[in-house]
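Participant: Supplied structure: protein.pdb, PDB, C-alpha atoms.
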```pdb
ATOM      1  CA  LEU A   1     -70.954  28.872  10.032
ATOM      2  CA  GLY A   2     -71.308  26.528   7.069
ATOM      3  CA  GLY A   3     -67.821  25.066   7.487
ATOM      4  CA  GLY A   4     -66.689  21.711   8.631
ATOM      5  CA  GLY A   5     -69.214  19.364   7.026
ATOM      6  CA  ALA A   6     -67.667  16.307   5.510
ATOM      7  CA  GLY A   7     -70.316  16.063   2.797
ATOM      8  CA  SER A   8     -71.022  12.915   0.847
ATOM      9  CA  ALA A   9     -68.536  10.110   0.402
ATOM     10  CA  ASN A  10     -68.015  11.000  -3.262
ATOM     11  CA  PRO A  11     -68.569  14.731  -3.753
ATOM     12  CA  GLN A  12     -68.597  16.371  -7.143
ATOM     13  CA  VAL A  13     -65.928  18.952  -7.860
ATOM     14  CA  ALA A  14     -67.069  22.403  -8.968
ATOM     15  CA  HIS A  15     -65.363  25.563 -10.106
ATOM     16  CA  PHE A  16     -66.563  29.127  -9.711
ATOM     17  CA  THR A  17     -69.139  30.230 -12.277
ATOM     18  CA  ARG A  18     -71.063  33.454 -12.615
ATOM     19  CA  ALA A  19     -74.738  33.259 -11.678
ATOM     20  CA  GLY A  20     -76.715  32.004 -14.658
ATOM     21  CA  SER A  21     -73.715  30.420 -16.360
ATOM     22  CA  THR A  22     -74.047  26.906 -17.727
ATOM     23  CA  ARG A  23     -70.348  26.312 -18.328
ATOM     24  CA  SER A  24     -68.262  24.270 -15.938
ATOM     25  CA  LEU A  25     -64.848  22.639 -15.986
ATOM     26  CA  SER A  26     -63.875  19.013 -15.721
ATOM     27  CA  PRO A  27     -63.574  18.036 -12.057
ATOM     28  CA  ARG A  28     -60.367  16.672 -10.568
ATOM     29  CA  PRO A  29     -59.901  13.847  -8.055
ATOM     30  CA  SER A  30     -60.793  14.818  -4.524
ATOM     31  CA  LEU A  31     -58.064  15.520  -1.984
ATOM     32  CA  LEU A  32     -60.549  15.655   0.858
ATOM     33  CA  VAL A  33     -62.915  12.738   0.927
ATOM     34  CA  GLY A  34     -62.082  10.287  -1.821
ATOM     35  CA  PRO A  35     -62.338  10.141  -5.603
ATOM     36  CA  SER A  36     -64.893  12.344  -7.323
ATOM     37  CA  PRO A  37     -67.147  11.367 -10.216
ATOM     38  CA  ARG A  38     -66.933  13.346 -13.434
ATOM     39  CA  VAL A  39     -69.816  15.776 -13.752
ATOM     40  CA  ALA A  40     -70.944  18.091 -16.522
ATOM     41  CA  ASP A  41     -72.786  20.868 -14.716
ATOM     42  CA  ALA A  42     -71.399  21.194 -11.190
ATOM     43  CA  LYS A  43     -70.959  24.874 -10.337
ATOM     44  CA  VAL A  44     -71.126  27.381  -7.517
ATOM     45  CA  ALA A  45     -72.933  30.516  -8.658
ATOM     46  CA  LEU A  46     -71.603  33.889  -7.531
ATOM     47  CA  ALA A  47     -74.271  36.390  -6.548
ATOM     48  CA  PRO A  48     -74.636  38.896  -3.691
ATOM     49  CA  GLY A  49     -75.773  37.159  -0.519
ATOM     50  CA  LYS A  50     -77.558  38.305   2.603
ATOM     51  CA  PRO A  51     -75.301  40.820   4.418
ATOM     52  CA  GLN A  52     -73.992  40.061   7.882
ATOM     53  CA  ASP A  53     -75.543  36.652   8.295
ATOM     54  CA  PRO A  54     -74.408  35.848  11.861
ATOM     55  CA  GLU A  55     -73.375  32.329  10.813
ATOM     56  CA  SER A  56     -71.664  33.065   7.482
ATOM     57  CA  LEU A  57     -69.187  35.620   6.168
ATOM     58  CA  CYS A  58     -70.077  35.146   2.477
ATOM     59  CA  PRO A  59     -73.409  33.332   2.068
ATOM     60  CA  CYS A  60     -73.095  33.450  -1.731
ATOM     61  CA  LEU A  61     -69.889  31.398  -1.517
ATOM     62  CA  LEU A  62     -71.261  28.584   0.615
ATOM     63  CA  VAL A  63     -70.290  25.338  -1.135
ATOM     64  CA  PRO A  64     -73.352  23.095  -1.651
ATOM     65  CA  LYS A  65     -73.690  19.623  -0.165
ATOM     66  CA  GLY A  66     -71.956  16.994  -2.282
ATOM     67  CA  ILE A  67     -69.754  19.542  -4.077
ATOM     68  CA  GLU A  68     -66.101  20.517  -3.639
ATOM     69  CA  LEU A  69     -64.960  23.906  -4.925
ATOM     70  CA  VAL A  70     -61.560  24.311  -6.578
ATOM     71  CA  PHE A  71     -59.896  27.614  -7.473
ATOM     72  CA  ALA A  72     -56.446  29.210  -7.670
ATOM     73  CA  VAL A  73     -54.885  32.258  -5.989
ATOM     74  CA  ARG A  74     -51.796  34.188  -7.054
ATOM     75  CA  ASP A  75     -49.008  33.936  -4.495
ATOM     76  CA  LEU A  76     -48.276  37.670  -4.343
ATOM     77  CA  LEU A  77     -48.671  38.647  -0.696
ATOM     78  CA  THR A  78     -45.599  39.638   1.316
ATOM     79  CA  LYS A  79     -44.992  40.765   4.895
ATOM     80  CA  GLY A  80     -44.580  44.465   4.114
ATOM     81  CA  ARG A  81     -47.133  47.087   3.121
ATOM     82  CA  GLN A  82     -48.499  46.501  -0.364
ATOM     83  CA  GLN A  83     -50.696  48.247  -2.912
ATOM     84  CA  LEU A  84     -51.868  45.790  -5.564
ATOM     85  CA  SER A  85     -54.812  43.894  -6.958
ATOM     86  CA  PHE A  86     -55.322  40.483  -8.545
ATOM     87  CA  SER A  87     -58.053  38.015  -9.425
ATOM     88  CA  VAL A  88     -59.023  34.685  -7.930
ATOM     89  CA  VAL A  89     -59.380  32.336 -10.875
ATOM     90  CA  ASP A  90     -60.570  28.893 -11.850
ATOM     91  CA  MET A  91     -58.111  26.258 -13.004
ATOM     92  CA  GLN A  92     -58.280  27.592 -16.552
ATOM     93  CA  ALA A  93     -57.175  31.046 -15.309
ATOM     94  CA  LYS A  94     -60.610  32.617 -15.786
ATOM     95  CA  PRO A  95     -61.214  35.344 -13.130
ATOM     96  CA  HIS A  96     -64.198  35.123 -10.777
ATOM     97  CA  LEU A  97     -63.332  37.239  -7.722
ATOM     98  CA  HIS A  98     -61.224  40.346  -7.297
ATOM     99  CA  ILE A  99     -58.767  41.028  -4.453
ATOM    100  CA  ILE A 100     -57.593  44.570  -3.677
ATOM    101  CA  VAL A 101     -54.706  45.063  -1.234
ATOM    102  CA  ASN A 102     -54.594  48.629   0.092
ATOM    103  CA  GLU A 103     -51.998  49.192   2.809
ATOM    104  CA  GLN A 104     -50.602  52.646   2.036
ATOM    105  CA  GLY A 105     -52.875  54.701   4.313
ATOM    106  CA  PRO A 106     -53.569  54.687   8.059
ATOM    107  CA  VAL A 107     -56.206  51.967   7.656
ATOM    108  CA  CYS A 108     -54.773  48.894   5.941
ATOM    109  CA  GLY A 109     -56.676  45.983   4.541
ATOM    110  CA  ILE A 110     -57.509  43.505   1.812
ATOM    111  CA  HIS A 111     -60.861  43.795   0.056
ATOM    112  CA  MET A 112     -62.608  40.858  -1.612
ATOM    113  CA  GLN A 113     -65.145  41.687  -4.331
ATOM    114  CA  LEU A 114     -67.184  40.100  -7.068
ATOM    115  CA  LEU A 115     -66.094  41.112 -10.565
ATOM    116  CA  ASP A 116     -68.932  43.669 -10.658
ATOM    117  CA  LYS A 117     -67.298  45.299  -7.591
ATOM    118  CA  THR A 118     -69.909  44.041  -5.134
ATOM    119  CA  PRO A 119     -68.029  43.921  -1.798
ATOM    120  CA  LEU A 120     -67.940  40.541  -0.075
ATOM    121  CA  ALA A 121     -65.510  40.821   2.837
ATOM    122  CA  TRP A 122     -62.553  42.749   4.200
ATOM    123  CA  ILE A 123     -59.383  41.687   6.022
ATOM    124  CA  ARG A 124     -58.081  44.311   8.450
ATOM    125  CA  THR A 125     -54.258  44.284   8.414
ATOM    126  CA  THR A 126     -53.519  47.602  10.161
ATOM    127  CA  MET A 127     -52.415  45.790  13.305
ATOM    128  CA  LEU A 128     -49.539  44.099  11.472
ATOM    129  CA  TYR A 129     -47.800  47.483  11.239
ATOM    130  CA  GLU A 130     -48.549  48.699  14.752
ATOM    131  CA  ARG A 131     -46.611  48.101  17.949
ATOM    132  CA  GLY A 132     -47.603  44.737  19.333
ATOM    133  CA  GLY A 133     -48.059  43.130  15.924
ATOM    134  CA  ASN A 134     -51.446  41.470  16.438
ATOM    135  CA  LEU A 135     -52.804  39.252  13.678
ATOM    136  CA  PRO A 136     -55.472  40.303  11.126
ATOM    137  CA  ASP A 137     -59.227  40.416  11.637
ATOM    138  CA  ILE A 138     -61.609  39.057   9.010
ATOM    139  CA  CYS A 139     -64.595  41.343   8.613
ATOM    140  CA  TRP A 140     -67.874  41.717   6.817
ATOM    141  CA  SER A 141     -67.683  44.336   4.065
ATOM    142  CA  SER A 142     -69.160  46.844   6.541
ATOM    143  CA  GLY A 143     -65.996  46.579   8.658
ATOM    144  CA  ARG A 144     -67.652  44.673  11.499
ATOM    145  CA  THR A 145     -65.393  41.876  12.746
ATOM    146  CA  PHE A 146     -66.534  38.366  11.873
ATOM    147  CA  CYS A 147     -63.534  36.517  13.334
ATOM    148  CA  SER A 148     -59.836  36.908  14.081
ATOM    149  CA  LEU A 149     -56.698  35.007  13.181
ATOM    150  CA  VAL A 150     -54.732  33.935  16.263
ATOM    151  CA  LYS A 151     -51.673  31.794  16.910
ATOM    152  CA  GLY A 152     -52.449  28.106  17.304
ATOM    153  CA  LYS A 153     -51.575  25.882  20.220
ATOM    154  CA  GLY A 154     -50.403  22.901  18.174
ATOM    155  CA  HIS A 155     -53.353  20.650  18.937
ATOM    156  CA  ALA A 156     -55.203  20.730  15.602
ATOM    157  CA  PRO A 157     -56.787  17.371  14.811
ATOM    158  CA  CYS A 158     -56.049  16.023  11.347
ATOM    159  CA  THR A 159     -58.033  13.453   9.399
ATOM    160  CA  SER A 160     -56.305  10.661   7.531
ATOM    161  CA  GLU A 161     -57.406  12.106   4.184
ATOM    162  CA  MET A 162     -55.614  15.344   4.888
ATOM    163  CA  ALA A 163     -52.601  14.142   6.820
ATOM    164  CA  GLY A 164     -50.673  13.140   3.737
ATOM    165  CA  SER A 165     -51.109  16.444   1.899
ATOM    166  CA  SER A 166     -49.050  18.666   4.180
ATOM    167  CA  ARG A 167     -45.479  18.742   5.378
ATOM    168  CA  PRO A 168     -44.076  20.120   8.634
ATOM    169  CA  ASN A 169     -43.360  23.834   8.510
ATOM    170  CA  SER A 170     -39.598  24.081   8.386
ATOM    171  CA  THR A 171     -39.294  27.661   7.158
ATOM    172  CA  GLY A 172     -38.569  30.576   9.420
ATOM    173  CA  SER A 173     -40.856  33.556   9.779
ATOM    174  CA  HIS A 174     -41.325  36.725  11.785
ATOM    175  CA  LYS A 175     -43.018  36.770  15.175
ATOM    176  CA  GLY A 176     -46.469  36.520  13.620
ATOM    177  CA  SER A 177     -45.748  33.039  12.309
ATOM    178  CA  GLY A 178     -48.002  30.250  13.448
ATOM    179  CA  GLY A 179     -44.929  28.011  13.702
ATOM    180  CA  ARG A 180     -45.600  24.408  14.652
ATOM    181  CA  GLY A 181     -48.869  25.422  16.276
ATOM    182  CA  GLY A 182     -50.261  26.896  13.094
ATOM    183  CA  TYR A 183     -53.201  29.267  13.388
ATOM    184  CA  GLU A 184     -56.754  29.336  14.670
ATOM    185  CA  LEU A 185     -59.834  31.300  13.649
ATOM    186  CA  ARG A 186     -61.944  32.540  16.544
ATOM    187  CA  ASP A 187     -65.102  34.617  16.549
ATOM    188  CA  PRO A 188     -65.467  37.739  18.752
ATOM    189  CA  SER A 189     -66.725  35.597  21.653
ATOM    190  CA  GLY A 190     -63.614  33.416  21.482
ATOM    191  CA  ARG A 191     -65.359  30.397  19.935
ATOM    192  CA  LEU A 192     -63.012  28.261  17.856
ATOM    193  CA  LEU A 193     -64.062  28.060  14.200
ATOM    194  CA  TYR A 194     -61.156  26.477  12.324
ATOM    195  CA  LEU A 195     -57.583  25.270  12.834
ATOM    196  CA  ILE A 196     -54.947  25.749  10.140
ATOM    197  CA  GLN A 197     -51.621  23.911   9.926
ATOM    198  CA  GLY A 198     -49.020  22.978   7.343
ATOM    199  CA  ASP A 199     -46.038  24.343   5.477
ATOM    200  CA  PHE A 200     -47.177  27.918   4.873
ATOM    201  CA  GLY A 201     -44.121  28.856   2.832
ATOM    202  CA  ARG A 202     -44.796  26.035   0.369
ATOM    203  CA  LYS A 203     -48.570  26.588   0.433
ATOM    204  CA  ALA A 204     -49.145  23.015   1.627
ATOM    205  CA  VAL A 205     -51.849  23.832   4.147
ATOM    206  CA  ASN A 206     -54.710  21.954   5.830
ATOM    207  CA  MET A 207     -57.709  23.626   7.433
ATOM    208  CA  VAL A 208     -60.017  21.592   9.671
ATOM    209  CA  SER A 209     -62.964  22.147  11.972
ATOM    210  CA  PRO A 210     -62.561  21.804  15.771
ATOM    211  CA  THR A 211     -63.778  18.194  15.448
ATOM    212  CA  GLY A 212     -61.231  17.394  12.739
ATOM    213  CA  GLN A 213     -63.576  17.519   9.748
ATOM    214  CA  PRO A 214     -61.790  18.540   6.509
ATOM    215  CA  VAL A 215     -62.430  22.127   5.457
ATOM    216  CA  CYS A 216     -59.738  22.998   2.930
ATOM    217  CA  THR A 217     -56.410  21.889   1.483
ATOM    218  CA  THR A 218     -53.965  23.938  -0.578
ATOM    219  CA  GLU A 219     -50.942  23.175  -2.744
ATOM    220  CA  SER A 220     -48.729  25.063  -5.176
ATOM    221  CA  CYS A 221     -49.855  24.857  -8.792
ATOM    222  CA  SER A 222     -49.296  26.286 -12.250
ATOM    223  CA  LEU A 223     -51.951  27.575 -14.629
ATOM    224  CA  PRO A 224     -52.058  27.656 -18.427
ATOM    225  CA  GLY A 225     -50.564  30.858 -19.794
ATOM    226  CA  GLU A 226     -49.607  32.165 -16.344
ATOM    227  CA  GLU A 227     -45.988  32.711 -15.306
ATOM    228  CA  GLU A 228     -46.660  33.951 -11.754
ATOM    229  CA  PRO A 229     -46.854  31.300  -9.020
ATOM    230  CA  HIS A 230     -50.289  30.239  -7.803
ATOM    231  CA  TYR A 231     -51.675  27.907  -5.199
ATOM    232  CA  GLN A 232     -54.715  25.714  -5.620
ATOM    233  CA  VAL A 233     -57.457  25.803  -2.998
ATOM    234  CA  ARG A 234     -59.866  22.902  -2.595
ATOM    235  CA  VAL A 235     -62.845  23.625  -0.326
ATOM    236  CA  ALA A 236     -65.046  20.917   1.197
ATOM    237  CA  PRO A 237     -68.841  20.735   0.918
ATOM    238  CA  ARG A 238     -70.955  22.956   3.205
ATOM    239  CA  VAL A 239     -68.041  25.343   3.783
ATOM    240  CA  ASP A 240     -68.026  29.121   3.317
ATOM    241  CA  ALA A 241     -65.388  29.451   0.585
ATOM    242  CA  GLY A 242     -65.225  33.197   1.178
ATOM    243  CA  LEU A 243     -64.132  32.681   4.773
ATOM    244  CA  VAL A 244     -61.583  30.082   3.663
ATOM    245  CA  LEU A 245     -60.140  32.489   1.090
ATOM    246  CA  CYS A 246     -59.964  35.375   3.570
ATOM    247  CA  THR A 247     -58.185  33.114   6.053
ATOM    248  CA  LEU A 248     -55.580  32.096   3.483
ATOM    249  CA  LEU A 249     -55.029  35.715   2.428
ATOM    250  CA  ALA A 250     -54.645  36.811   6.056
ATOM    251  CA  ILE A 251     -52.065  34.091   6.661
ATOM    252  CA  GLY A 252     -50.358  35.110   3.428
ATOM    253  CA  LYS A 253     -49.835  38.618   4.805
ATOM    254  CA  VAL A 254     -48.470  37.292   8.081
ATOM    255  CA  GLU A 255     -46.174  34.653   6.583
ATOM    256  CA  GLY A 256     -45.279  36.284   3.285
ATOM    257  CA  ASN A 257     -43.951  34.072   0.512
ATOM    258  CA  GLY A 258     -40.616  32.669  -0.523
ATOM    259  CA  ARG A 259     -39.873  35.889  -2.405
ATOM    260  CA  SER A 260     -40.518  38.185   0.587
ATOM    261  CA  LYS A 261     -37.666  40.567   1.303
TER     262      LYS A 261
END
```
As structure tokens, what does this structure read like?

Facilitator:
Amino acid sequence: LGGGGAGSANPQVAHFTRAGSTRSLSPRPSLLVGPSPRVADAKVALAPGKPQDPESLCPCLLVPKGIELVFAVRDLLTKGRQQLSFSVVDMQAKPHLHIIVNEQGPVCGIHMQLLDKTPLAWIRTTMLYERGGNLPDICWSSGRTFCSLVKGKGHAPCTSEMAGSSRPNSTGSHKGSGGRGGYELRDPSGRLLYLIQGDFGRKAVNMVSPTGQPVCTTESCSLPGEEEPHYQVRVAPRVDAGLVLCTLLAIGKVEGNGRSK
């Protein structure tokens, strides 16, 4: 897994770009590891990666060393079955990934694709609607399980850089809620990959490695020309941004949002 690296002391901030693109956006100050310099060409190219790399869910979305990746996600997921699609965008609302939520049939899930419909990953949500109510699995596009979301035990370490960006979770939720313990990601062997804590209802979330290294922070945000609520995701260097995104989407289905009925 590429996650968990702290990167350099002053990482650049990149936004999604298509492979071959030379355009990038102005970086913003880092929330993870200190202020970031302004850069002209920082980017993370999107292109199909090697399938089923045993150490990475989405190799093409691995954030390079010295770079932080920033993008925005529409806050549309609720606890019930849904049939919808939306794009993951940069901070200027330009789409770069496509999310398809298909939960009307016997097999329910969330598909993540490139804009050219190349499949990247799949989140299995069928178990949310079955007796027992287990939490989602995050899978390669083939359907093979990469890791699973499980309830946390409340012992997630938190670095000083991240501690100030989240608030205690004071909102209620159904039995799938991580509650004060948050959530964990574990691979099929049970190995701990990441710990996730924060105020899930307000999208003020921290994700860290088992050793406490920053992985991701999120916060509510607004985008130019967009009325629907979004949340900003900031991913640390050497982290699989695809796995981070799938984790946040899986938690979004479990927790719902403030508009969930």

Participant: For atom CA of A:Cys108 and atom CA of A:Ser85, determine how far apart the two atoms are, in Å to one decimal place.

Facilitator: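 Here the two named atoms are 13.8 Å from each other.
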
Participant: Residues within 7 Å of A:Gln113, please, as a list in words. Count all atoms listed in the file; anything in the same chain fewer than 3 positions from it doesn't count.

Facilitator: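 What passes the distance filter is Leu97, His98, Ile99, Lys117, Thr118, Pro119 and Leu120 of chain A.
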
Participant: Kindly indicate which residue among A:Asp75, A:Asp137, A:Glu55, A:Glu68 lies nearest to A:Thr125, using only C-alpha atoms for the distances.

Facilitator: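 Of the candidates, the smallest distance to A:Thr125 is held by A:Asp137.
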
Participant: For A:Gly190, which residue out of A:Gly66, A:Val88, A:Ala93, A:Val150 is the nearest one, using all atoms listed in the file?

Facilitator: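 With all atoms listed in the file as the atom set, the closest residue is A:Val150.
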
Participant: Report, in Å to a single decimal, how far apart atom CA of A:Tyr194 and atom CA of A:Val244 are.

Facilitator: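 For atom CA of A:Val244 relative to atom CA of A:Tyr194, the distance reads 9.4 Å.
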
Participant: So how many Å separate atom CA of A:Gly132 and atom CA of A:His111, to one decimal?

Facilitator: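 Result for atom CA of A:Gly132 versus atom CA of A:His111: 23.4 Å, one decimal.
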
Participant: Restricting the calculation to only C-alpha atoms, which member of A:Glu226, A:Glu184, A:Asp90, A:Glu130 is positioned closest to A:Ser209?

Facilitator: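 Among the listed residues, A:Glu184 lies closest to A:Ser209.
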
Participant: Just give me the residues with any atom within 6 Å of (-54.8, 27.1, -14.2), file coordinates, counting only C-alpha atoms, written as a PyMOL selection string.

Facilitator: chain A and resi 91-93+222-224

Participant: Restricted to C-alpha atoms, what would the selected residues look like written as a short mmCIF file (atom, residue, chain, number, x, y, z; two decimals), keeping the file's coordinate frame?

Facilitator:
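out30.cif was written with the following content:
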```cif
data_model
loop_
_atom_site.label_atom_id
_atom_site.label_comp_id
_atom_site.auth_asym_id
_atom_site.auth_seq_id
_atom_site.Cartn_x
_atom_site.Cartn_y
_atom_site.Cartn_z
CA MET A 91 -58.11 26.26 -13.00
CA GLN A 92 -58.28 27.59 -16.55
CA ALA A 93 -57.18 31.05 -15.31
CA SER A 222 -49.30 26.29 -12.25
CA LEU A 223 -51.95 27.58 -14.63
CA PRO A 224 -52.06 27.66 -18.43
#
```
